[in-house]
file my_file13.txt (compact mmCIF, C-alpha atoms)
# COMPACT_ATOMS: atom_id res chain seq x y z
CA MET A 607 0.00 0.00 0.00
CA VAL A 608 2.73 2.51 0.89
CA SER A 609 5.75 0.89 -0.78
CA PRO A 610 5.42 2.95 -4.00
CA LEU A 611 5.57 6.10 -1.88
CA THR A 612 8.49 5.01 0.31
CA SER A 613 10.84 3.59 -2.33
CA ASP A 614 12.80 6.86 -2.55
CA TRP A 615 12.94 7.59 1.20
CA VAL A 616 16.10 7.04 3.25
CA TRP A 617 14.99 5.98 6.73
CA HIS A 618 17.03 7.06 9.71
CA ARG A 619 16.52 4.07 12.02
CA GLN A 620 13.65 1.81 11.02
CA ALA A 621 11.63 1.58 7.84
CA PHE A 622 7.87 1.93 8.21
CA SER A 623 5.30 -0.50 6.85
CA PHE A 624 1.77 -1.67 7.59
CA LYS A 625 0.74 -5.04 8.92
CA VAL A 626 -2.65 -6.57 9.66
CA VAL A 627 -3.40 -6.60 13.41
CA GLU A 628 -6.28 -8.05 15.42
CA GLU A 629 -7.21 -6.18 18.58
CA GLY A 630 -10.36 -6.59 20.64
CA GLY A 631 -12.01 -8.68 17.96
CA MET A 632 -11.39 -5.98 15.32
CA TRP A 633 -8.93 -6.10 12.43
CA HIS A 634 -6.99 -3.10 11.23
CA LEU A 635 -3.73 -1.98 9.65
CA ALA A 636 -1.00 -0.82 12.01
CA GLY A 637 2.66 0.09 12.00
CA SER A 638 5.30 1.64 14.23
CA THR A 639 8.86 2.85 13.90
CA TYR A 640 11.70 4.33 15.92
CA TYR A 641 12.81 7.47 14.14
CA GLY A 642 15.66 8.39 16.48
CA GLU A 643 17.25 11.74 15.76
CA ASN A 644 15.43 12.46 12.49
CA VAL A 645 11.96 13.86 13.12
CA MET A 646 11.45 14.04 9.35
CA ASP A 647 10.76 10.29 9.40
CA GLU A 648 7.82 10.90 11.71
CA TRP A 649 6.30 13.59 9.51
CA PHE A 650 6.86 11.51 6.41
CA ILE A 651 4.78 8.77 8.03
CA VAL A 652 2.05 11.34 8.75
CA SER A 653 2.12 12.32 5.07
CA LEU A 654 1.82 8.64 4.11
CA LEU A 655 -1.27 8.21 6.28
CA ARG A 656 -2.79 11.37 4.90
CA GLU A 657 -2.16 10.18 1.33
CA VAL A 658 -3.48 6.67 1.99
CA THR A 659 -6.71 7.99 3.50
CA LYS A 660 -7.05 10.27 0.48
CA GLN A 661 -6.58 7.43 -2.02
CA PHE A 662 -8.82 5.05 -0.07
CA PRO A 663 -11.74 7.18 1.25
CA GLY A 664 -13.09 4.33 3.35
CA LEU A 665 -10.00 4.34 5.57
CA VAL A 666 -9.61 6.33 8.78
CA GLY A 667 -6.12 6.68 10.26
CA ARG A 668 -4.59 7.73 13.53
CA VAL A 669 -0.98 8.64 14.36
CA VAL A 670 0.59 9.22 17.77
CA ASP A 671 4.11 9.37 19.13
CA SER A 672 5.70 9.24 22.56
CA ASP A 673 4.46 12.78 23.25
CA GLY A 674 0.86 11.98 22.38
CA GLU A 675 -1.32 13.42 19.63
CA ILE A 676 1.33 14.79 17.27
CA LEU A 677 -1.19 16.53 15.00
CA LEU A 678 -2.62 18.54 17.89
CA ILE A 679 0.85 19.50 19.07
CA GLU A 680 1.73 20.84 15.63
CA ALA A 681 -1.54 22.77 15.29
CA ALA A 682 -1.65 23.85 18.94
CA GLU A 683 -2.32 27.51 18.11
CA HIS A 684 -5.49 26.67 16.21
CA ILE A 685 -7.23 23.90 18.15
CA PRO A 686 -10.27 24.39 20.42
CA GLY A 687 -9.74 24.73 24.14
CA TRP A 688 -10.85 21.21 25.01
CA ALA A 689 -8.29 19.72 22.61
CA ALA A 690 -5.47 21.38 24.54
CA GLU A 691 -6.13 19.02 27.44
CA PRO A 692 -4.22 15.79 26.69
CA SER A 693 -6.47 13.68 28.91
CA VAL A 694 -9.53 14.87 26.98
CA ALA A 695 -8.10 14.97 23.45
CA CYS A 696 -6.32 11.60 23.55
CA GLY A 697 -7.94 9.24 21.07
CA ARG A 698 -10.05 11.90 19.33
CA VAL A 699 -7.70 12.91 16.49
CA TYR A 700 -7.88 11.14 13.12
CA LEU A 701 -7.09 11.42 9.43
CA HIS A 702 -9.84 10.81 6.89
CA CYS A 703 -9.93 11.62 3.17
CA GLY A 704 -6.60 13.39 3.57
CA GLN A 705 -7.88 15.78 6.26
CA VAL A 706 -7.56 16.11 10.02
CA HIS A 707 -10.64 15.24 12.08
CA LEU A 708 -11.31 15.98 15.75
CA ILE A 709 -14.17 14.24 17.51
CA PRO A 710 -15.51 17.12 19.64
CA VAL A 711 -16.73 16.79 23.20
CA CYS A 712 -20.17 17.94 24.35
CA THR A 713 -20.28 21.61 25.28
CA THR A 714 -23.21 21.19 27.68
CA PRO A 715 -24.57 18.20 29.65
CA GLY A 716 -27.88 18.38 27.78
CA GLN A 717 -26.42 18.58 24.28
CA ILE A 718 -27.90 16.05 21.86
CA THR A 719 -25.24 14.74 19.47
CA PRO A 720 -24.35 11.50 17.69
CA LEU A 721 -20.77 11.97 18.84
CA PRO A 722 -19.57 10.07 21.92
CA ALA A 723 -19.17 11.99 25.18
CA VAL A 724 -16.60 9.55 26.53
CA THR A 725 -13.77 8.57 24.21
CA PRO A 726 -14.55 5.07 22.88
CA PRO A 727 -12.06 2.55 21.42
CA PRO A 728 -10.28 3.60 18.20
CA HIS A 729 -12.39 1.40 15.92
CA THR A 730 -15.57 3.09 17.21
CA CYS A 731 -14.03 6.52 16.76
CA ALA A 732 -13.07 5.59 13.19
CA GLN A 733 -16.70 4.66 12.50
CA VAL A 734 -17.87 7.99 13.93
CA VAL A 735 -15.44 9.95 11.73
CA ALA A 736 -16.42 8.01 8.61
CA LYS A 737 -20.14 8.44 9.32
CA TYR A 738 -20.16 12.08 10.47
CA PRO A 739 -17.20 13.76 8.72
CA HIS A 740 -19.07 17.08 8.55
CA LEU A 741 -19.16 17.14 12.38
CA THR A 742 -15.56 16.05 12.99
CA ARG A 743 -13.55 17.86 10.32
CA ALA A 744 -11.04 20.21 11.95
CA THR A 745 -11.00 23.90 11.07
CA ASN A 746 -9.26 25.25 8.00
CA LYS A 747 -6.50 26.70 10.16
CA VAL A 748 -5.74 23.26 11.60
CA GLN A 749 -5.71 21.78 8.08
CA GLN A 750 -3.38 24.52 6.87
CA ALA A 751 -0.99 24.08 9.80
CA ILE A 752 -0.58 20.36 9.11
CA LYS A 753 -0.35 20.90 5.36
CA ALA A 754 2.40 23.49 5.87
CA ARG A 755 4.35 21.07 8.07
CA LEU A 756 4.12 18.26 5.52
CA GLY A 757 4.91 20.36 2.48
CA ASP A 758 4.83 18.23 -0.68
CA MET A 759 5.55 14.93 1.07
CA PRO A 760 5.18 12.08 0.32
CA SER A 761 5.47 12.76 -3.45
CA ASP A 762 8.47 15.10 -3.01
CA THR A 763 11.14 13.77 -0.65
CA SER A 764 13.90 16.27 -1.44
CA CYS A 765 13.43 17.98 1.94
CA ASN A 766 14.95 14.92 3.63
CA HIS A 767 17.80 14.03 1.30
CA HIS A 768 21.34 15.05 0.42
CA THR A 769 23.24 13.33 -2.39
CA THR A 770 27.03 13.36 -2.54
CA THR A 771 29.81 11.54 -4.35
CA ILE A 772 32.12 9.39 -2.24
CA THR A 773 34.86 6.82 -2.80
CA LEU A 774 33.78 3.28 -1.98
CA PRO A 775 34.86 -0.27 -2.70
CA ARG A 776 32.59 -1.60 -5.43
CA MET A 777 31.44 -4.38 -3.12
CA VAL A 778 30.14 -1.82 -0.61
CA ALA A 779 28.51 0.21 -3.37
CA ARG A 780 26.65 -2.89 -4.62
CA VAL A 781 25.38 -3.65 -1.11
CA LEU A 782 24.09 -0.10 -0.65
CA ALA A 783 22.45 -0.19 -4.07
CA ARG A 784 20.56 -3.36 -3.16
CA ASP A 785 19.33 -2.06 0.20
CA LYS A 786 19.60 1.63 0.96
CA ASN A 787 18.46 1.04 4.57
CA ILE A 788 21.89 -0.45 5.29
CA LEU A 789 23.34 3.05 4.92
CA ALA A 790 21.71 4.16 8.18
CA LYS A 791 23.16 1.18 10.03
CA VAL A 792 26.63 1.92 8.67
CA VAL A 793 26.48 5.59 9.68
CA GLN A 794 25.17 4.77 13.14
CA ALA A 795 27.84 2.11 13.64
CA VAL A 796 30.54 4.67 12.86
CA VAL A 797 29.06 7.51 14.91
CA GLU A 798 28.17 5.36 17.94
CA ARG A 799 31.33 3.24 17.93
CA ASP A 800 33.15 2.58 21.19
CA GLN A 801 36.62 1.27 22.02
CA VAL A 802 35.55 -2.36 21.60
CA ASP A 803 34.13 -1.62 18.15
CA MET A 804 37.29 0.21 17.15
CA ARG A 805 39.51 -2.71 18.17
CA GLN A 806 37.38 -5.21 16.26
CA ALA A 807 37.34 -3.07 13.11
CA ARG A 808 41.00 -2.04 13.25
CA THR A 809 42.20 -4.34 10.46
CA MET A 810 39.15 -3.77 8.20
CA ALA A 811 39.42 -7.47 7.31
CA ARG A 812 36.18 -7.60 5.33
CA VAL A 813 36.41 -4.26 3.56
CA ARG A 814 39.64 -3.80 1.65
CA GLN A 815 40.72 -0.76 -0.33
CA VAL A 816 40.47 -2.59 -3.66
CA GLU A 817 38.33 -1.98 -6.72
CA THR A 818 37.26 1.41 -5.42
CA GLY A 819 35.37 3.99 -7.40
CA GLN A 820 33.37 7.20 -7.19
CA PHE A 821 29.73 6.56 -6.38
CA SER A 822 26.75 8.83 -5.84
CA VAL A 823 25.15 8.07 -2.47
CA LYS A 824 21.90 9.52 -1.18
CA PHE A 825 21.78 10.21 2.57
CA SER A 826 19.08 11.66 4.70
CA ARG A 827 20.22 15.13 5.70
CA CYS A 828 20.35 14.00 9.31
CA LEU A 829 22.57 11.00 8.50
CA PHE A 830 24.88 13.15 6.38
CA ALA A 831 25.22 15.72 9.17
CA MET A 832 26.00 12.98 11.69
CA LEU A 833 28.67 11.43 9.45
CA SER A 834 30.18 14.80 8.50
CA SER A 835 30.70 15.68 12.16
CA CYS A 836 32.46 12.39 12.86
CA LYS A 837 36.22 12.31 12.21
CA VAL A 838 37.53 8.82 11.46
CA ARG A 839 41.05 7.82 10.43
CA PRO A 840 41.89 4.25 9.42
CA SER A 841 44.34 2.26 11.51
CA LYS A 842 47.76 1.69 9.97
CA GLY A 843 47.15 -2.05 10.22
CA SER A 844 44.14 -1.81 7.91
CA ALA A 845 46.30 -0.99 4.84
CA TRP A 846 43.86 1.78 3.98
CA VAL A 847 45.44 5.00 2.70
CA VAL A 848 43.37 8.16 2.95
CA GLY A 849 44.63 11.39 1.45

call {"tool": "encode", "arguments": {"input": "my_file13.txt", "output": "C-alpha cells"}}
result
Amino acid sequence: MVSPLTSDWVWHRQAFSFKVVEEGGMWHLAGSTYYGENVMDEWFIVSLLREVTKQFPGLVGRVVDSDGEILLIEAAEHIPGWAAEPSVACGRVYLHCGQVHLIPVCTTPGQITPLPAVTPPPHTCAQVVAKYPHLTRATNKVQQAIKARLGDMPSDTSCNHHTTTITLPRMVARVLARDKNILAKVVQAVVERDQVDMRQARTMARVRQVETGQFSVKFSRCLFAMLSSCKVRPSKGSAWVVG
C-alpha cells in the first residue's frame, strides 16, 4: 500500500510498513517505527497516512508518538480549548480523506449529538469519523498548519535528502544499491562506535581498499550531518590509505 511512496525515502533508524493486526475482535492496519534523531521520518509517516486515506476514502487513520497526539501538538495555536487538554483529546484525532478530524466533546450536559461523550475505542471513533465527517472535520487553520508542516511529502522527498559523491569499494557500493536502509546502520555504527568496536574493526578485514570507485550516495540530511561531524582515520594495520 505505501511501498510505491516510500521507495525513494532514506529511513534514519527503522523503515515503516503496515501489517494486519487483530485487537479486541477488530482487524486493522498498524505500523510503528523508531525514528531516532530524524523527526522528518515521523512527519513523512504522517504524510503517508494522509495520502493513503485520500486514495482510499473508506479508511480512517490515527498517528501518535511518545508525546501523544502529534497533530494537535503541531496545530496547537489553532485547536479548540478542550483539545489542549491531553487527557480529553487523547484518542479523538484522526485522518480521513486526507484531512484532520477531531471528535468534539459535548459543550453542555444536555447537548444532543451523535458523537460520543466519553472517548470510545479507536475502531468506534473511526466509524464515527467516517459516518459524520461534517461534524468532525477540523477547522481550516488546523488543516493549513498540518499541510504546511508536511509540504509536498510524500510525493516530493527532497526535503529529507542530500546526495554526494564518495569513494567506496565496489562491493560496498553494490550492497548499498541493493538495500539503501543499510546506509543508516553503517552511519550509526561509525558515529556510535566505542573502544571495543574500534579494536574489532581495526584491520578492516572484510572491507579492503580494492576496486574502489566514485559513487553517488543519497543520505538523509540527518545521517549526512551525523557522518560529517564524525572524524575517522583508518588504523595503519588496515592498509587503507586516505589522502

call {"tool": "closest_residue", "arguments": {"input": "my_file13.txt", "among": "A:Trp633, A:Phe830, A:Trp617, A:Phe624", "to": "Phe650 of chain A", "atoms": "all atoms listed in the file"}}
result
A:Trp617

call {"tool": "closest_residue", "arguments": {"input": "my_file13.txt", "among": "A:Val608, A:Val802, A:Ala681, A:Ala736", "to": "Val666 of chain A", "atoms": "only C-alpha atoms"}}
result
A:Ala736

call {"tool": "closest_residue", "arguments": {"input": "my_file13.txt", "among": "A:Ser672, A:Thr773, A:Gln750, A:Thr639", "to": "His684 of chain A", "atoms": "all atoms listed in the file"}}
result
A:Gln750

call {"tool": "axis_aligned_box", "arguments": {"input": "my_file13.txt", "around": "segment 621-625 of chain A", "padding_each_side": "8 Å", "output": "AutoDock Vina command-line options"}}
result
--center_x 6.2 --center_y -1.6 --center_z 7.9 --size_x 26.9 --size_y 23.0 --size_z 18.1

call {"tool": "closest_residue", "arguments": {"input": "my_file13.txt", "among": "A:Cys836, A:Gln794, A:Thr769, A:Gly697", "to": "Glu643 of chain A", "atoms": "all atoms listed in the file"}}
result
A:Gln794

call {"tool": "atom_distance", "arguments": {"input": "my_file13.txt", "atom1": "atom CA of Phe821 of chain A", "atom2": "atom CA of Val778 of chain A"}}
result
10.2 Å

call {"tool": "closest_residue", "arguments": {"input": "my_file13.txt", "among": "A:Ala682, A:Val838, A:Val735, A:Ala695", "to": "His707 of chain A", "atoms": "only C-alpha atoms"}}
result
A:Val735

call {"tool": "residues_around", "arguments": {"input": "my_file13.txt", "residues": "Cys703 of chain A", "least_positions_apart": "2", "cutoff": "8 Å", "atoms": "all atoms listed in the file", "output": "VMD selection string"}}
result
chain A and resid 656 659 to 666 701 705

call {"tool": "atom_distance", "arguments": {"input": "my_file13.txt", "atom1": "atom CA of Trp688 of chain A", "atom2": "atom CA of Val652 of chain A"}}
result
23.0 Å

call {"tool": "closest_residue", "arguments": {"input": "my_file13.txt", "among": "A:Leu654, A:Ala751, A:Val616, A:Ile676", "to": "Leu829 of chain A", "atoms": "only C-alpha atoms"}}
result
A:Val616

call {"tool": "atom_distance", "arguments": {"input": "my_file13.txt", "atom1": "atom CA of Leu677 of chain A", "atom2": "atom CA of Met832 of chain A"}}
result
27.6 Å

call {"tool": "residues_around", "arguments": {"input": "my_file13.txt", "residues": "Cys765 of chain A", "least_positions_apart": "2", "cutoff": "10 Å", "atoms": "only C-alpha atoms", "output": "list in words"}}
result
Met646, Leu756, Gly757, Asp758, Met759, Asp762, Thr763, His767, His768, Ser826 and Arg827 of chain A

call {"tool": "residues_around", "arguments": {"input": "my_file13.txt", "residues": "Thr809 of chain A", "least_positions_apart": "5", "cutoff": "8 Å", "atoms": "all atoms listed in the file", "output": "PyMOL selection string"}}
result
chain A and resi 841+843-845

call {"tool": "residues_around", "arguments": {"input": "my_file13.txt", "residues": "Arg776 of chain A", "least_positions_apart": "2", "cutoff": "7 Å", "atoms": "all atoms listed in the file", "output": "ChimeraX atom specification"}}
result
/A:774,778-780,817-819

call {"tool": "residues_around", "arguments": {"input": "my_file13.txt", "residues": "Ile651 of chain A", "least_positions_apart": "6", "cutoff": "9 Å", "atoms": "only C-alpha atoms", "output": "PyMOL selection string"}}
result
chain A and resi 622+669+760

call {"tool": "build_atoms", "arguments": {"input": "my_file13.txt", "residues": "segment 831-842 of chain A", "atoms": "all heavy atoms", "output": "PDB file, in the frame of the given file"}}
result
ATOM      1  N   ALA A 831      24.693  14.815   8.146  1.00  0.00           N
ATOM      2  CA  ALA A 831      25.220  15.720   9.170  1.00  0.00           C
ATOM      3  C   ALA A 831      25.939  14.936  10.265  1.00  0.00           C
ATOM      4  O   ALA A 831      27.010  15.347  10.743  1.00  0.00           O
ATOM      5  CB  ALA A 831      24.094  16.556   9.767  1.00  0.00           C
ATOM      6  N   MET A 832      25.372  13.805  10.665  1.00  0.00           N
ATOM      7  CA  MET A 832      26.000  12.980  11.690  1.00  0.00           C
ATOM      8  C   MET A 832      27.353  12.466  11.219  1.00  0.00           C
ATOM      9  O   MET A 832      28.352  12.519  11.951  1.00  0.00           O
ATOM     10  CB  MET A 832      25.091  11.799  12.044  1.00  0.00           C
ATOM     11  CG  MET A 832      23.837  12.178  12.798  1.00  0.00           C
ATOM     12  SD  MET A 832      22.669  10.804  12.965  1.00  0.00           S
ATOM     13  CE  MET A 832      23.657   9.628  13.907  1.00  0.00           C
ATOM     14  N   LEU A 833      27.415  11.982   9.972  1.00  0.00           N
ATOM     15  CA  LEU A 833      28.670  11.430   9.450  1.00  0.00           C
ATOM     16  C   LEU A 833      29.702  12.521   9.226  1.00  0.00           C
ATOM     17  O   LEU A 833      30.892  12.327   9.480  1.00  0.00           O
ATOM     18  CB  LEU A 833      28.386  10.682   8.152  1.00  0.00           C
ATOM     19  CG  LEU A 833      29.533   9.841   7.594  1.00  0.00           C
ATOM     20  CD1 LEU A 833      29.937   8.756   8.586  1.00  0.00           C
ATOM     21  CD2 LEU A 833      29.136   9.214   6.259  1.00  0.00           C
ATOM     22  N   SER A 834      29.251  13.690   8.777  1.00  0.00           N
ATOM     23  CA  SER A 834      30.180  14.800   8.500  1.00  0.00           C
ATOM     24  C   SER A 834      30.851  15.303   9.778  1.00  0.00           C
ATOM     25  O   SER A 834      31.984  15.796   9.746  1.00  0.00           O
ATOM     26  CB  SER A 834      29.435  15.952   7.823  1.00  0.00           C
ATOM     27  OG  SER A 834      28.910  15.545   6.586  1.00  0.00           O
ATOM     28  N   SER A 835      30.143  15.195  10.898  1.00  0.00           N
ATOM     29  CA  SER A 835      30.700  15.680  12.160  1.00  0.00           C
ATOM     30  C   SER A 835      31.585  14.647  12.852  1.00  0.00           C
ATOM     31  O   SER A 835      32.159  14.924  13.903  1.00  0.00           O
ATOM     32  CB  SER A 835      29.564  16.073  13.107  1.00  0.00           C
ATOM     33  OG  SER A 835      28.775  14.939  13.438  1.00  0.00           O
ATOM     34  N   CYS A 836      31.699  13.473  12.253  1.00  0.00           N
ATOM     35  CA  CYS A 836      32.460  12.390  12.860  1.00  0.00           C
ATOM     36  C   CYS A 836      33.790  12.217  12.124  1.00  0.00           C
ATOM     37  O   CYS A 836      33.816  11.918  10.931  1.00  0.00           O
ATOM     38  CB  CYS A 836      31.648  11.087  12.815  1.00  0.00           C
ATOM     39  SG  CYS A 836      32.448   9.703  13.607  1.00  0.00           S
ATOM     40  N   LYS A 837      34.893  12.415  12.814  1.00  0.00           N
ATOM     41  CA  LYS A 837      36.220  12.310  12.210  1.00  0.00           C
ATOM     42  C   LYS A 837      36.791  10.908  12.456  1.00  0.00           C
ATOM     43  O   LYS A 837      36.982  10.495  13.592  1.00  0.00           O
ATOM     44  CB  LYS A 837      37.165  13.363  12.788  1.00  0.00           C
ATOM     45  CG  LYS A 837      36.652  14.797  12.658  1.00  0.00           C
ATOM     46  CD  LYS A 837      36.390  15.170  11.206  1.00  0.00           C
ATOM     47  CE  LYS A 837      35.874  16.607  11.076  1.00  0.00           C
ATOM     48  NZ  LYS A 837      35.542  16.947   9.667  1.00  0.00           N
ATOM     49  N   VAL A 838      37.031  10.190  11.359  1.00  0.00           N
ATOM     50  CA  VAL A 838      37.530   8.820  11.460  1.00  0.00           C
ATOM     51  C   VAL A 838      38.769   8.676  10.589  1.00  0.00           C
ATOM     52  O   VAL A 838      38.774   9.068   9.424  1.00  0.00           O
ATOM     53  CB  VAL A 838      36.458   7.803  10.988  1.00  0.00           C
ATOM     54  CG1 VAL A 838      37.008   6.381  11.081  1.00  0.00           C
ATOM     55  CG2 VAL A 838      35.190   7.942  11.812  1.00  0.00           C
ATOM     56  N   ARG A 839      39.817   8.121  11.164  1.00  0.00           N
ATOM     57  CA  ARG A 839      41.050   7.820  10.430  1.00  0.00           C
ATOM     58  C   ARG A 839      41.302   6.320  10.510  1.00  0.00           C
ATOM     59  O   ARG A 839      41.177   5.725  11.577  1.00  0.00           O
ATOM     60  CB  ARG A 839      42.229   8.569  11.024  1.00  0.00           C
ATOM     61  CG  ARG A 839      42.093  10.077  11.040  1.00  0.00           C
ATOM     62  CD  ARG A 839      42.102  10.674   9.650  1.00  0.00           C
ATOM     63  NE  ARG A 839      43.353  10.426   8.949  1.00  0.00           N
ATOM     64  CZ  ARG A 839      43.614  10.871   7.713  1.00  0.00           C
ATOM     65  NH1 ARG A 839      42.683  11.565   7.064  1.00  0.00           N
ATOM     66  NH2 ARG A 839      44.760  10.609   7.134  1.00  0.00           N
ATOM     67  N   PRO A 840      41.651   5.696   9.392  1.00  0.00           N
ATOM     68  CA  PRO A 840      41.890   4.250   9.420  1.00  0.00           C
ATOM     69  C   PRO A 840      43.155   3.910  10.197  1.00  0.00           C
ATOM     70  O   PRO A 840      44.126   4.673  10.216  1.00  0.00           O
ATOM     71  CB  PRO A 840      42.029   3.902   7.944  1.00  0.00           C
ATOM     72  CG  PRO A 840      42.488   5.163   7.291  1.00  0.00           C
ATOM     73  CD  PRO A 840      41.820   6.271   8.046  1.00  0.00           C
ATOM     74  N   SER A 841      43.151   2.754  10.823  1.00  0.00           N
ATOM     75  CA  SER A 841      44.340   2.260  11.510  1.00  0.00           C
ATOM     76  C   SER A 841      45.411   1.897  10.501  1.00  0.00           C
ATOM     77  O   SER A 841      45.113   1.479   9.367  1.00  0.00           O
ATOM     78  CB  SER A 841      43.977   1.039  12.361  1.00  0.00           C
ATOM     79  OG  SER A 841      45.135   0.402  12.838  1.00  0.00           O
ATOM     80  N   LYS A 842      46.668   2.045  10.874  1.00  0.00           N
ATOM     81  CA  LYS A 842      47.760   1.690   9.970  1.00  0.00           C
ATOM     82  C   LYS A 842      47.703   0.213   9.579  1.00  0.00           C
ATOM     83  O   LYS A 842      48.102  -0.173   8.471  1.00  0.00           O
ATOM     84  CB  LYS A 842      49.096   2.013  10.624  1.00  0.00           C
ATOM     85  CG  LYS A 842      49.334   3.502  10.805  1.00  0.00           C
ATOM     86  CD  LYS A 842      50.701   3.762  11.422  1.00  0.00           C
ATOM     87  CE  LYS A 842      50.939   5.269  11.591  1.00  0.00           C
ATOM     88  NZ  LYS A 842      52.267   5.533  12.220  1.00  0.00           N
TER      89      LYS A 842
END
